[in-house]
Amino acid sequence: MKQHNETLAIRTQIERTAQKEHSNPLFLTSSFTFDSAEEMAAVFADEQDGNIYSRYSNPNVQELIDKAALLEGSETGWATASGMAAVFTTFAALLQSGDHIVSSRSVFGSTHRLFTEVFPKWGITTTYVDALDYTGYEKAITPTTKILYLESPSNPALEIIDLEKVGKICKKAGILFAVDNCFATPVLQQPLKLGAHISIHSTTKFMDGQGRTLGGLILSNREIISKIEGFARHSGPALSPFNAWIVSKSLETLHLRVERMTENALKIAKKLEKHSAVLNVRYPFLASHPHYKTAKKQMSGGGAIITFEVKGGLESGRKFLNKLRLFSLTPNLGDVKSIATHPASTTHSKLQAEERAAVGISDGLVRLSIGLEHVDDIWRDLKQALIE
Ligand SMILES: *Cc1c(COP(=O)(O)O)cnc(C)c1O
């Protein structure tokens with residue numbers, strides 16, 4: 001019987017040195033040597049396999065790609081120095097001047113900046129569509145549209161977009177469909193099986209899971225990745241072998257971590273929903289979530305991220321954060337340590353209250369990333385910080 005992908009991923013080790021180490025060795029080297037001029041020429045000419053230079057390829061980076069591709073169900077992939085480098089590289093490699101992107105309005109802040117400030121400089125334009133407006137996506141596609149892009153679950157509104165539905169729209173239009181799958185991870189959602197061509201990750205979040213490294217992954221078929229490679233080899237967004245080594249090791253426990261975080265998060269979301277100081281709670285696997293049915297259809301769990309609104313707006317939100325003792329106040333997520341953020345006073349403080357409301361951020365909105373501490377301790381901290 002064929003082994004499961006988790007098993008294959010755990011057992012992926014593409015290099016073993018003469019020491020016969022059990023754990024994967026670290027190849028912290030910028031370049032690789034050749035035994036002869038002929039060998040060097042053959043590797044350079046692509047007539048023989050081999051590493052040349054770590055901007056092109058590195059055993060640790062390849063091991064990470066191979067593991068992630070197994071988990072995500074993709075043919076292959078490419079690794080980058082950050083999640084944003086993965087987003088940038090995808091568009092820069094696949095698009096040219098005059099091309100058009102259709103994107104969900106609910107995308108990561110820096111992705112927004114790329115679409116509105118960077119790509120227009122090169123004649124690449126973007127049309128935004130509200131996350132759940134399926135006819136809007138269809139209508140926004142023009143003859144120059146090359147890629148439809150979205151995040152699901154979105155940040156911080158946790159909107160769940162029906163990937164199969166959007167996949168069909170893209171197929172009909174003959175355009176590429178790319179999904180930022182960072183919040184779900186391949187453990188909970190596999191967009192390539194639902195019609196997407198490209199799945200993008202910030203490995204900084206759940207994949208590292210212990211807040212040590214920045215990194216990104218583009219997972220797709222060989223044809224698309226060869227275009228990505230053609231661009232990335234020479235523009236240099238390469239992931240450091242050290243960071244690849246860390247994340248590769250982390251992927252061996254991704255299932256365990258994400259499953260437990262998800263279990264903890266569902267318990268916490270249910271408790272928050274009953275608390276008198278809480279106006280409302282958003283979590284994809286709560287029946288009260290407006291896209292609960294879609295979440296249940298395409299995800300195997302609700303994930304580690306919960307958002308909720310404390311009564312009393314901006315001031316209450318800030319007070320709540322100040323009273324937390326166990327939770328870390330830090331902009332990361334997907335970590336083994338539970339994290340709380342207050343978008344209205346931090347990441348989105350420059351926007352007017354009305355602008356924040358348009359992207360689903362009320363002044364009392366708090367975002368939690370539930371970690372691996374004991375669920376009773378997580379709840380005790382939240383309870384003491386909530387002002388009745
Ligand atoms: C963090 C994040 C990114 C960017 O990743 P970095 O590793 O910080 O560059 C992109 N998309 C989503 C959804 C993220 O959460």
# chains A, B, ... in the order shown; residues from 1 in each chain; ligands from 1
>>> residues_around(residues="range 337-353 of chain A", least_positions_apart="5", cutoff="6 Å", atoms="only C-alpha atoms", output="list in words")
Phe327, Ser328, Leu329, Asp363, Val366, Arg367, Leu368, Ser369, Ile370 and Gly371 of chain A
>>> residues_near_ligand(ligand="ligand 1", cutoff="10 Å", atoms="only C-alpha atoms and all ligand atoms", output="JSON, numbers by chain")
{"A": [80, 81, 82, 83, 84, 85, 86, 87, 88, 106, 107, 108, 109, 110, 111, 150, 151, 152, 153, 154, 155, 156, 179, 180, 181, 182, 183, 184, 200, 201, 202, 203, 204, 205, 206, 213, 214, 215, 216, 217, 331, 332, 333, 334]}
>>> closest_residue(among="A:Leu188, A:Leu324, A:Met1, A:Leu272", to="Phe308 in chain A", atoms="only C-alpha atoms")
A:Leu272
>>> atom_distance(atom1="CA of Glu6 in chain A", atom2="CA of His255 in chain A")
8.0 Å
>>> residues_around(residues="Thr294 in chain A", least_positions_apart="2", cutoff="9 Å", atoms="only C-alpha atoms", output="PDB file with N, CA and C atoms, in the first residue's frame")
ATOM      1  N   ILE A 160     -14.397  33.123   4.315  1.00  0.00           N
ATOM      2  CA  ILE A 160     -14.074  31.850   3.668  1.00  0.00           C
ATOM      3  C   ILE A 160     -14.624  31.894   2.243  1.00  0.00           C
ATOM      4  N   ILE A 161     -13.731  31.910   1.281  1.00  0.00           N
ATOM      5  CA  ILE A 161     -14.135  31.982  -0.123  1.00  0.00           C
ATOM      6  C   ILE A 161     -14.210  30.557  -0.683  1.00  0.00           C
ATOM      7  N   ASP A 162     -15.269  30.279  -1.436  1.00  0.00           N
ATOM      8  CA  ASP A 162     -15.459  28.942  -2.022  1.00  0.00           C
ATOM      9  C   ASP A 162     -14.438  28.746  -3.149  1.00  0.00           C
ATOM     10  N   LEU A 163     -13.404  27.977  -2.871  1.00  0.00           N
ATOM     11  CA  LEU A 163     -12.295  27.840  -3.830  1.00  0.00           C
ATOM     12  C   LEU A 163     -12.720  27.082  -5.087  1.00  0.00           C
ATOM     13  N   PRO A 284     -14.055  29.992  11.735  1.00  0.00           N
ATOM     14  CA  PRO A 284     -14.670  29.291  10.604  1.00  0.00           C
ATOM     15  C   PRO A 284     -15.496  28.061  10.961  1.00  0.00           C
ATOM     16  N   HIS A 291     -19.871  31.922   6.743  1.00  0.00           N
ATOM     17  CA  HIS A 291     -19.473  31.024   5.649  1.00  0.00           C
ATOM     18  C   HIS A 291     -19.136  29.621   6.188  1.00  0.00           C
ATOM     19  N   TYR A 292     -19.834  29.249   7.251  1.00  0.00           N
ATOM     20  CA  TYR A 292     -19.586  27.975   7.927  1.00  0.00           C
ATOM     21  C   TYR A 292     -19.665  26.780   6.978  1.00  0.00           C
ATOM     22  N   LYS A 296     -16.710  24.149   6.144  1.00  0.00           N
ATOM     23  CA  LYS A 296     -16.837  22.712   6.391  1.00  0.00           C
ATOM     24  C   LYS A 296     -16.555  21.894   5.132  1.00  0.00           C
ATOM     25  N   LYS A 297     -16.919  22.473   3.984  1.00  0.00           N
ATOM     26  CA  LYS A 297     -16.765  21.762   2.710  1.00  0.00           C
ATOM     27  C   LYS A 297     -15.290  21.672   2.301  1.00  0.00           C
ATOM     28  N   GLN A 298     -14.540  22.762   2.494  1.00  0.00           N
ATOM     29  CA  GLN A 298     -13.188  22.781   1.919  1.00  0.00           C
ATOM     30  C   GLN A 298     -12.053  22.727   2.937  1.00  0.00           C
ATOM     31  N   MET A 299     -12.380  22.785   4.220  1.00  0.00           N
ATOM     32  CA  MET A 299     -11.334  22.733   5.245  1.00  0.00           C
ATOM     33  C   MET A 299     -11.603  21.559   6.191  1.00  0.00           C
TER      34      MET A 299
END
>>> closest_residue(among="A:Ile141, A:Lys249, A:Tyr53, A:Gln190", to="Met40 in chain A", atoms="only C-alpha atoms")
A:Tyr53
>>> select_by_dssp(residues="range 112-360 of chain A", states="strand (DSSP E)", output="PyMOL selection string")
chain A and resi 125-129+145-151+176-180+198-202+216-220+278-282+305-310+328-329+339-341
>>> atom_distance(atom1="CA of Ser235 in chain A", atom2="CA of Asp46 in chain A")
19.5 Å
>>> atom_distance(atom1="CA of Glu309 in chain A", atom2="CA of Asn280 in chain A")
5.5 Å
>>> residues_around(residues="Thr12 in chain A", least_positions_apart="6", cutoff="9 Å", atoms="only C-alpha atoms", output="PyMOL selection string")
chain A and resi 63-64+66-67
>>> closest_residue(among="A:Ala178, A:Leu314, A:Ile14, A:Ala232", to="Val61 in chain A", atoms="only C-alpha atoms")
A:Ile14
>>> closest_residue(among="A:Met261, A:Ala140, A:Ala18, A:Leu326", to="Ala173 in chain A", atoms="only C-alpha atoms")
A:Ala140
>>> residues_around(residues="Leu148 in chain A", least_positions_apart="5", cutoff="12 Å", atoms="only C-alpha atoms", output="JSON, numbers by chain")
{"A": [91, 99, 100, 101, 102, 103, 104, 105, 126, 127, 128, 129, 131, 134, 136, 137, 138, 140, 141, 142, 163, 166, 167, 168, 169, 170, 171, 173, 174, 175, 176, 177, 178, 179, 180, 195, 196, 197, 198]}
>>> write_last_selection(atoms="N, CA and C atoms", output="mmCIF file, in the first residue's frame")
data_model
loop_
_atom_site.group_PDB
_atom_site.id
_atom_site.type_symbol
_atom_site.label_atom_id
_atom_site.label_comp_id
_atom_site.auth_asym_id
_atom_site.auth_seq_id
_atom_site.Cartn_x
_atom_site.Cartn_y
_atom_site.Cartn_z
ATOM 1 N N PHE A 91 4.058 36.892 -9.197
ATOM 2 C CA PHE A 91 3.518 37.841 -10.184
ATOM 3 C C PHE A 91 4.608 38.344 -11.132
ATOM 4 N N ASP A 99 -0.519 43.265 -18.471
ATOM 5 C CA ASP A 99 -1.331 42.205 -17.862
ATOM 6 C C ASP A 99 -2.146 42.746 -16.683
ATOM 7 N N HIS A 100 -3.179 41.999 -16.356
ATOM 8 C CA HIS A 100 -4.148 42.437 -15.341
ATOM 9 C C HIS A 100 -4.376 41.323 -14.314
ATOM 10 N N ILE A 101 -4.528 41.754 -13.057
ATOM 11 C CA ILE A 101 -4.788 40.824 -11.946
ATOM 12 C C ILE A 101 -6.192 41.105 -11.419
ATOM 13 N N VAL A 102 -6.937 40.054 -11.111
ATOM 14 C CA VAL A 102 -8.176 40.223 -10.343
ATOM 15 C C VAL A 102 -7.887 39.677 -8.960
ATOM 16 N N SER A 103 -8.144 40.499 -7.943
ATOM 17 C CA SER A 103 -7.817 40.073 -6.581
ATOM 18 C C SER A 103 -8.973 40.305 -5.621
ATOM 19 N N SER A 104 -9.086 39.407 -4.659
ATOM 20 C CA SER A 104 -10.000 39.652 -3.548
ATOM 21 C C SER A 104 -9.524 40.908 -2.825
ATOM 22 N N ARG A 105 -10.477 41.703 -2.326
ATOM 23 C CA ARG A 105 -10.120 42.927 -1.604
ATOM 24 C C ARG A 105 -9.428 42.596 -0.274
ATOM 25 N N THR A 126 -4.471 46.005 -11.197
ATOM 26 C CA THR A 126 -5.269 45.081 -10.384
ATOM 27 C C THR A 126 -6.674 45.624 -10.186
ATOM 28 N N THR A 127 -7.659 44.757 -10.310
ATOM 29 C CA THR A 127 -9.035 45.119 -9.951
ATOM 30 C C THR A 127 -9.410 44.327 -8.702
ATOM 31 N N TYR A 128 -9.896 45.056 -7.687
ATOM 32 C CA TYR A 128 -10.338 44.397 -6.451
ATOM 33 C C TYR A 128 -11.807 44.045 -6.516
ATOM 34 N N VAL A 129 -12.116 42.890 -5.927
ATOM 35 C CA VAL A 129 -13.501 42.438 -5.828
ATOM 36 C C VAL A 129 -13.734 42.058 -4.362
ATOM 37 N N ALA A 131 -14.510 39.968 -1.255
ATOM 38 C CA ALA A 131 -14.101 38.563 -1.114
ATOM 39 C C ALA A 131 -15.167 37.546 -1.539
ATOM 40 N N TYR A 134 -18.898 36.496 -6.051
ATOM 41 C CA TYR A 134 -18.496 35.573 -7.124
ATOM 42 C C TYR A 134 -18.808 36.117 -8.512
ATOM 43 N N GLY A 136 -18.907 39.189 -9.155
ATOM 44 C CA GLY A 136 -17.938 40.292 -9.269
ATOM 45 C C GLY A 136 -16.606 39.803 -9.836
ATOM 46 N N TYR A 137 -16.161 38.620 -9.393
ATOM 47 C CA TYR A 137 -14.899 38.068 -9.918
ATOM 48 C C TYR A 137 -15.034 37.830 -11.420
ATOM 49 N N GLU A 138 -16.156 37.225 -11.792
ATOM 50 C CA GLU A 138 -16.393 36.892 -13.198
ATOM 51 C C GLU A 138 -16.404 38.160 -14.052
ATOM 52 N N ALA A 140 -15.046 41.033 -13.402
ATOM 53 C CA ALA A 140 -13.787 41.808 -13.379
ATOM 54 C C ALA A 140 -12.744 41.256 -14.347
ATOM 55 N N ILE A 141 -12.947 40.007 -14.800
ATOM 56 C CA ILE A 141 -11.976 39.388 -15.714
ATOM 57 C C ILE A 141 -12.090 40.013 -17.109
ATOM 58 N N THR A 142 -10.947 40.468 -17.639
ATOM 59 C CA THR A 142 -10.905 41.068 -18.977
ATOM 60 C C THR A 142 -9.977 40.216 -19.849
ATOM 61 N N LEU A 163 -13.404 27.977 -2.871
ATOM 62 C CA LEU A 163 -12.295 27.840 -3.830
ATOM 63 C C LEU A 163 -12.720 27.082 -5.087
ATOM 64 N N VAL A 166 -14.558 29.518 -7.383
ATOM 65 C CA VAL A 166 -13.651 30.457 -8.056
ATOM 66 C C VAL A 166 -12.768 29.709 -9.060
ATOM 67 N N GLY A 167 -12.397 28.476 -8.709
ATOM 68 C CA GLY A 167 -11.601 27.656 -9.620
ATOM 69 C C GLY A 167 -12.315 27.460 -10.955
ATOM 70 N N LYS A 168 -13.638 27.238 -10.879
ATOM 71 C CA LYS A 168 -14.432 27.031 -12.105
ATOM 72 C C LYS A 168 -14.476 28.308 -12.941
ATOM 73 N N ILE A 169 -14.592 29.457 -12.254
ATOM 74 C CA ILE A 169 -14.616 30.745 -12.966
ATOM 75 C C ILE A 169 -13.289 30.931 -13.719
ATOM 76 N N CYS A 170 -12.182 30.595 -13.047
ATOM 77 C CA CYS A 170 -10.860 30.763 -13.662
ATOM 78 C C CYS A 170 -10.679 29.795 -14.836
ATOM 79 N N LYS A 171 -11.160 28.586 -14.667
ATOM 80 C CA LYS A 171 -11.020 27.581 -15.730
ATOM 81 C C LYS A 171 -11.768 28.039 -16.980
ATOM 82 N N ALA A 173 -12.490 31.039 -17.820
ATOM 83 C CA ALA A 173 -11.846 32.210 -18.418
ATOM 84 C C ALA A 173 -10.442 31.897 -18.932
ATOM 85 N N GLY A 174 -9.928 30.724 -18.598
ATOM 86 C CA GLY A 174 -8.579 30.346 -19.044
ATOM 87 C C GLY A 174 -7.479 31.156 -18.383
ATOM 88 N N ILE A 175 -7.678 31.486 -17.109
ATOM 89 C CA ILE A 175 -6.644 32.239 -16.386
ATOM 90 C C ILE A 175 -6.117 31.422 -15.202
ATOM 91 N N LEU A 176 -4.988 31.848 -14.664
ATOM 92 C CA LEU A 176 -4.398 31.159 -13.518
ATOM 93 C C LEU A 176 -5.116 31.567 -12.233
ATOM 94 N N PHE A 177 -5.179 30.634 -11.298
ATOM 95 C CA PHE A 177 -5.826 30.866 -10.007
ATOM 96 C C PHE A 177 -4.771 30.622 -8.918
ATOM 97 N N ALA A 178 -4.445 31.682 -8.175
ATOM 98 C CA ALA A 178 -3.428 31.571 -7.119
ATOM 99 C C ALA A 178 -4.050 31.869 -5.762
ATOM 100 N N VAL A 179 -3.722 31.046 -4.775
ATOM 101 C CA VAL A 179 -4.294 31.184 -3.428
ATOM 102 C C VAL A 179 -3.182 31.342 -2.402
ATOM 103 N N ASP A 180 -3.296 32.333 -1.535
ATOM 104 C CA ASP A 180 -2.422 32.436 -0.365
ATOM 105 C C ASP A 180 -3.027 31.513 0.691
ATOM 106 N N GLY A 195 -8.956 23.305 -7.577
ATOM 107 C CA GLY A 195 -8.967 24.101 -8.813
ATOM 108 C C GLY A 195 -7.916 25.188 -8.909
ATOM 109 N N ALA A 196 -7.145 25.421 -7.832
ATOM 110 C CA ALA A 196 -6.090 26.443 -7.907
ATOM 111 C C ALA A 196 -4.872 25.870 -8.637
ATOM 112 N N HIS A 197 -4.116 26.755 -9.288
ATOM 113 C CA HIS A 197 -2.883 26.340 -9.963
ATOM 114 C C HIS A 197 -1.658 26.566 -9.083
ATOM 115 N N ILE A 198 -1.789 27.556 -8.184
ATOM 116 C CA ILE A 198 -0.633 27.956 -7.376
ATOM 117 C C ILE A 198 -1.083 28.143 -5.929
#
>>> residues_around(residues="Ala244 in chain A", least_positions_apart="2", cutoff="8 Å", atoms="only C-alpha atoms", output="MDAnalysis selection string")
chainID A and resid 60:61 64 215 239:242 246:248
>>> write_last_selection(atoms="all heavy atoms", output="tab-separated table (two decimals), in the first residue's frame")
chain	number	residue	atom	x	y	z
A	60	ASN	N	19.22	21.81	1.33
A	60	ASN	CA	18.25	22.08	2.40
A	60	ASN	C	16.99	22.73	1.84
A	60	ASN	O	15.87	22.42	2.27
A	60	ASN	CB	18.85	23.00	3.48
A	60	ASN	CG	19.96	22.32	4.25
A	60	ASN	OD1	21.12	22.73	4.18
A	60	ASN	ND2	19.62	21.25	4.95
A	61	VAL	N	17.19	23.63	0.89
A	61	VAL	CA	16.04	24.30	0.28
A	61	VAL	C	15.22	23.28	-0.51
A	61	VAL	O	13.98	23.25	-0.42
A	61	VAL	CB	16.52	25.47	-0.62
A	61	VAL	CG1	15.35	26.09	-1.37
A	61	VAL	CG2	17.23	26.54	0.23
A	64	LEU	N	13.13	21.11	1.79
A	64	LEU	CA	11.93	21.83	2.25
A	64	LEU	C	10.86	21.82	1.16
A	64	LEU	O	9.68	21.54	1.43
A	64	LEU	CB	12.30	23.27	2.63
A	64	LEU	CG	11.10	24.19	2.88
A	64	LEU	CD1	10.31	23.76	4.11
A	64	LEU	CD2	11.54	25.65	3.03
A	215	GLY	N	10.29	33.09	5.70
A	215	GLY	CA	10.43	32.26	4.50
A	215	GLY	C	9.13	32.21	3.73
A	215	GLY	O	8.08	32.59	4.24
A	239	LEU	N	15.85	31.58	-0.49
A	239	LEU	CA	15.75	31.28	0.94
A	239	LEU	C	17.11	30.83	1.44
A	239	LEU	O	17.80	30.05	0.79
A	239	LEU	CB	14.71	30.16	1.14
A	239	LEU	CG	14.49	29.68	2.58
A	239	LEU	CD1	13.94	30.80	3.46
A	239	LEU	CD2	13.54	28.49	2.61
A	240	SER	N	17.50	31.30	2.62
A	240	SER	CA	18.78	30.89	3.20
A	240	SER	C	18.72	29.40	3.56
A	240	SER	O	17.70	28.91	4.08
A	240	SER	CB	19.06	31.74	4.44
A	240	SER	OG	19.39	30.92	5.53
A	241	PRO	N	19.79	28.64	3.30
A	241	PRO	CA	19.81	27.21	3.65
A	241	PRO	C	19.53	26.99	5.14
A	241	PRO	O	18.86	26.02	5.51
A	241	PRO	CB	21.23	26.75	3.31
A	241	PRO	CG	21.79	27.79	2.41
A	241	PRO	CD	21.04	29.06	2.66
A	242	PHE	N	20.03	27.89	5.97
A	242	PHE	CA	19.80	27.74	7.41
A	242	PHE	C	18.31	27.81	7.73
A	242	PHE	O	17.77	26.98	8.46
A	242	PHE	CB	20.57	28.82	8.19
A	242	PHE	CG	20.41	28.69	9.68
A	242	PHE	CD1	21.06	27.67	10.36
A	242	PHE	CD2	19.60	29.55	10.40
A	242	PHE	CE1	20.90	27.51	11.75
A	242	PHE	CE2	19.45	29.40	11.77
A	242	PHE	CZ	20.10	28.39	12.44
A	246	ILE	N	15.69	24.85	9.22
A	246	ILE	CA	14.79	25.01	10.37
A	246	ILE	C	13.36	24.63	9.98
A	246	ILE	O	12.71	23.84	10.67
A	246	ILE	CB	14.78	26.50	10.84
A	246	ILE	CG1	16.16	26.94	11.30
A	246	ILE	CG2	13.68	26.77	11.86
A	246	ILE	CD1	16.42	26.89	12.75
A	247	VAL	N	12.88	25.20	8.88
A	247	VAL	CA	11.47	24.99	8.52
A	247	VAL	C	11.23	23.55	8.07
A	247	VAL	O	10.19	22.96	8.34
A	247	VAL	CB	11.01	26.00	7.44
A	247	VAL	CG1	9.56	25.77	7.06
A	247	VAL	CG2	11.18	27.43	7.94
A	248	SER	N	12.23	22.98	7.39
A	248	SER	CA	12.11	21.60	6.95
A	248	SER	C	11.91	20.68	8.16
A	248	SER	O	11.06	19.78	8.15
A	248	SER	CB	13.38	21.21	6.19
A	248	SER	OG	13.35	19.87	5.85
>>> closest_residue(among="A:Leu286, A:Ala357, A:Met207, A:Ile224", to="Asn243 in chain A", atoms="only C-alpha atoms")
A:Met207
>>> residues_around(residues="range 273-275 of chain A", least_positions_apart="6", cutoff="12 Å", atoms="only C-alpha atoms", output="list in words")
Leu266, Lys267, Val281, Arg282, Tyr283, Leu286, Ala287, Ser288, His289, Ile306, Thr307, Phe308, Glu309, Val310, Lys311, Trp379, Leu382, Lys383, Gln384, Ala385, Leu386, Ile387 and Glu388 of chain A
>>> decode(residues="range 53-83 of chain A", atoms="N, CA and C atoms", output="PDB file, in the first residue's frame")
ATOM      1  N   TYR A  53      25.165  26.898  -7.052  1.00  0.00           N
ATOM      2  CA  TYR A  53      25.235  28.117  -6.259  1.00  0.00           C
ATOM      3  C   TYR A  53      23.926  28.218  -5.483  1.00  0.00           C
ATOM      4  N   SER A  54      23.962  28.612  -4.212  1.00  0.00           N
ATOM      5  CA  SER A  54      22.748  28.536  -3.387  1.00  0.00           C
ATOM      6  C   SER A  54      21.665  29.558  -3.752  1.00  0.00           C
ATOM      7  N   ARG A  55      21.979  30.485  -4.631  1.00  0.00           N
ATOM      8  CA  ARG A  55      20.894  31.340  -5.161  1.00  0.00           C
ATOM      9  C   ARG A  55      20.024  30.537  -6.133  1.00  0.00           C
ATOM     10  N   TYR A  56      20.640  29.506  -6.764  1.00  0.00           N
ATOM     11  CA  TYR A  56      19.900  28.640  -7.707  1.00  0.00           C
ATOM     12  C   TYR A  56      19.239  27.475  -6.979  1.00  0.00           C
ATOM     13  N   SER A  57      20.038  26.754  -6.212  1.00  0.00           N
ATOM     14  CA  SER A  57      19.510  25.577  -5.515  1.00  0.00           C
ATOM     15  C   SER A  57      20.446  25.203  -4.381  1.00  0.00           C
ATOM     16  N   ASN A  58      19.888  24.492  -3.409  1.00  0.00           N
ATOM     17  CA  ASN A  58      20.642  24.075  -2.233  1.00  0.00           C
ATOM     18  C   ASN A  58      19.924  22.849  -1.663  1.00  0.00           C
ATOM     19  N   PRO A  59      20.660  21.852  -1.160  1.00  0.00           N
ATOM     20  CA  PRO A  59      19.983  20.635  -0.680  1.00  0.00           C
ATOM     21  C   PRO A  59      18.952  20.893   0.413  1.00  0.00           C
ATOM     22  N   ASN A  60      19.225  21.807   1.334  1.00  0.00           N
ATOM     23  CA  ASN A  60      18.251  22.085   2.397  1.00  0.00           C
ATOM     24  C   ASN A  60      16.990  22.733   1.838  1.00  0.00           C
ATOM     25  N   VAL A  61      17.188  23.627   0.889  1.00  0.00           N
ATOM     26  CA  VAL A  61      16.042  24.302   0.278  1.00  0.00           C
ATOM     27  C   VAL A  61      15.217  23.285  -0.505  1.00  0.00           C
ATOM     28  N   GLN A  62      15.905  22.394  -1.233  1.00  0.00           N
ATOM     29  CA  GLN A  62      15.184  21.385  -2.015  1.00  0.00           C
ATOM     30  C   GLN A  62      14.424  20.424  -1.107  1.00  0.00           C
ATOM     31  N   GLU A  63      15.027  20.082   0.011  1.00  0.00           N
ATOM     32  CA  GLU A  63      14.348  19.182   0.951  1.00  0.00           C
ATOM     33  C   GLU A  63      13.057  19.819   1.475  1.00  0.00           C
ATOM     34  N   LEU A  64      13.131  21.110   1.787  1.00  0.00           N
ATOM     35  CA  LEU A  64      11.932  21.827   2.247  1.00  0.00           C
ATOM     36  C   LEU A  64      10.858  21.820   1.157  1.00  0.00           C
ATOM     37  N   ILE A  65      11.269  22.120  -0.069  1.00  0.00           N
ATOM     38  CA  ILE A  65      10.310  22.143  -1.184  1.00  0.00           C
ATOM     39  C   ILE A  65       9.671  20.768  -1.357  1.00  0.00           C
ATOM     40  N   ASP A  66      10.486  19.721  -1.329  1.00  0.00           N
ATOM     41  CA  ASP A  66       9.955  18.370  -1.528  1.00  0.00           C
ATOM     42  C   ASP A  66       8.950  17.994  -0.444  1.00  0.00           C
ATOM     43  N   LYS A  67       9.263  18.355   0.802  1.00  0.00           N
ATOM     44  CA  LYS A  67       8.347  18.036   1.907  1.00  0.00           C
ATOM     45  C   LYS A  67       7.037  18.806   1.751  1.00  0.00           C
ATOM     46  N   ALA A  68       7.168  20.114   1.478  1.00  0.00           N
ATOM     47  CA  ALA A  68       5.962  20.951   1.363  1.00  0.00           C
ATOM     48  C   ALA A  68       5.105  20.493   0.183  1.00  0.00           C
ATOM     49  N   ALA A  69       5.747  20.109  -0.928  1.00  0.00           N
ATOM     50  CA  ALA A  69       4.999  19.659  -2.113  1.00  0.00           C
ATOM     51  C   ALA A  69       4.209  18.388  -1.796  1.00  0.00           C
ATOM     52  N   LEU A  70       4.799  17.495  -1.003  1.00  0.00           N
ATOM     53  CA  LEU A  70       4.088  16.273  -0.599  1.00  0.00           C
ATOM     54  C   LEU A  70       2.849  16.631   0.224  1.00  0.00           C
ATOM     55  N   LEU A  71       3.021  17.551   1.177  1.00  0.00           N
ATOM     56  CA  LEU A  71       1.907  17.909   2.056  1.00  0.00           C
ATOM     57  C   LEU A  71       0.803  18.634   1.294  1.00  0.00           C
ATOM     58  N   GLU A  72       1.207  19.476   0.352  1.00  0.00           N
ATOM     59  CA  GLU A  72       0.240  20.308  -0.376  1.00  0.00           C
ATOM     60  C   GLU A  72      -0.366  19.564  -1.571  1.00  0.00           C
ATOM     61  N   GLY A  73       0.272  18.483  -1.993  1.00  0.00           N
ATOM     62  CA  GLY A  73      -0.196  17.763  -3.173  1.00  0.00           C
ATOM     63  C   GLY A  73       0.164  18.475  -4.467  1.00  0.00           C
ATOM     64  N   SER A  74       1.340  19.105  -4.496  1.00  0.00           N
ATOM     65  CA  SER A  74       1.784  19.781  -5.724  1.00  0.00           C
ATOM     66  C   SER A  74       2.919  18.985  -6.358  1.00  0.00           C
ATOM     67  N   GLU A  75       3.149  19.200  -7.654  1.00  0.00           N
ATOM     68  CA  GLU A  75       4.241  18.508  -8.333  1.00  0.00           C
ATOM     69  C   GLU A  75       5.587  18.951  -7.776  1.00  0.00           C
ATOM     70  N   THR A  76       5.730  20.266  -7.623  1.00  0.00           N
ATOM     71  CA  THR A  76       6.995  20.799  -7.150  1.00  0.00           C
ATOM     72  C   THR A  76       6.778  22.199  -6.564  1.00  0.00           C
ATOM     73  N   GLY A  77       7.854  22.948  -6.389  1.00  0.00           N
ATOM     74  CA  GLY A  77       7.709  24.275  -5.789  1.00  0.00           C
ATOM     75  C   GLY A  77       8.985  25.075  -5.855  1.00  0.00           C
ATOM     76  N   TRP A  78       8.933  26.263  -5.255  1.00  0.00           N
ATOM     77  CA  TRP A  78      10.100  27.134  -5.184  1.00  0.00           C
ATOM     78  C   TRP A  78      10.059  27.823  -3.820  1.00  0.00           C
ATOM     79  N   ALA A  79      11.217  27.966  -3.176  1.00  0.00           N
ATOM     80  CA  ALA A  79      11.253  28.588  -1.846  1.00  0.00           C
ATOM     81  C   ALA A  79      11.885  29.971  -1.921  1.00  0.00           C
ATOM     82  N   THR A  80      11.378  30.883  -1.108  1.00  0.00           N
ATOM     83  CA  THR A  80      11.861  32.277  -1.123  1.00  0.00           C
ATOM     84  C   THR A  80      12.175  32.753   0.295  1.00  0.00           C
ATOM     85  N   ALA A  81      12.832  33.906   0.370  1.00  0.00           N
ATOM     86  CA  ALA A  81      13.321  34.430   1.643  1.00  0.00           C
ATOM     87  C   ALA A  81      12.229  34.904   2.591  1.00  0.00           C
ATOM     88  N   SER A  82      11.026  35.134   2.076  1.00  0.00           N
ATOM     89  CA  SER A  82       9.897  35.538   2.927  1.00  0.00           C
ATOM     90  C   SER A  82       8.611  35.204   2.182  1.00  0.00           C
ATOM     91  N   GLY A  83       7.501  35.308   2.885  1.00  0.00           N
ATOM     92  CA  GLY A  83       6.208  35.096   2.226  1.00  0.00           C
ATOM     93  C   GLY A  83       5.974  36.151   1.158  1.00  0.00           C
TER      94      GLY A  83
END
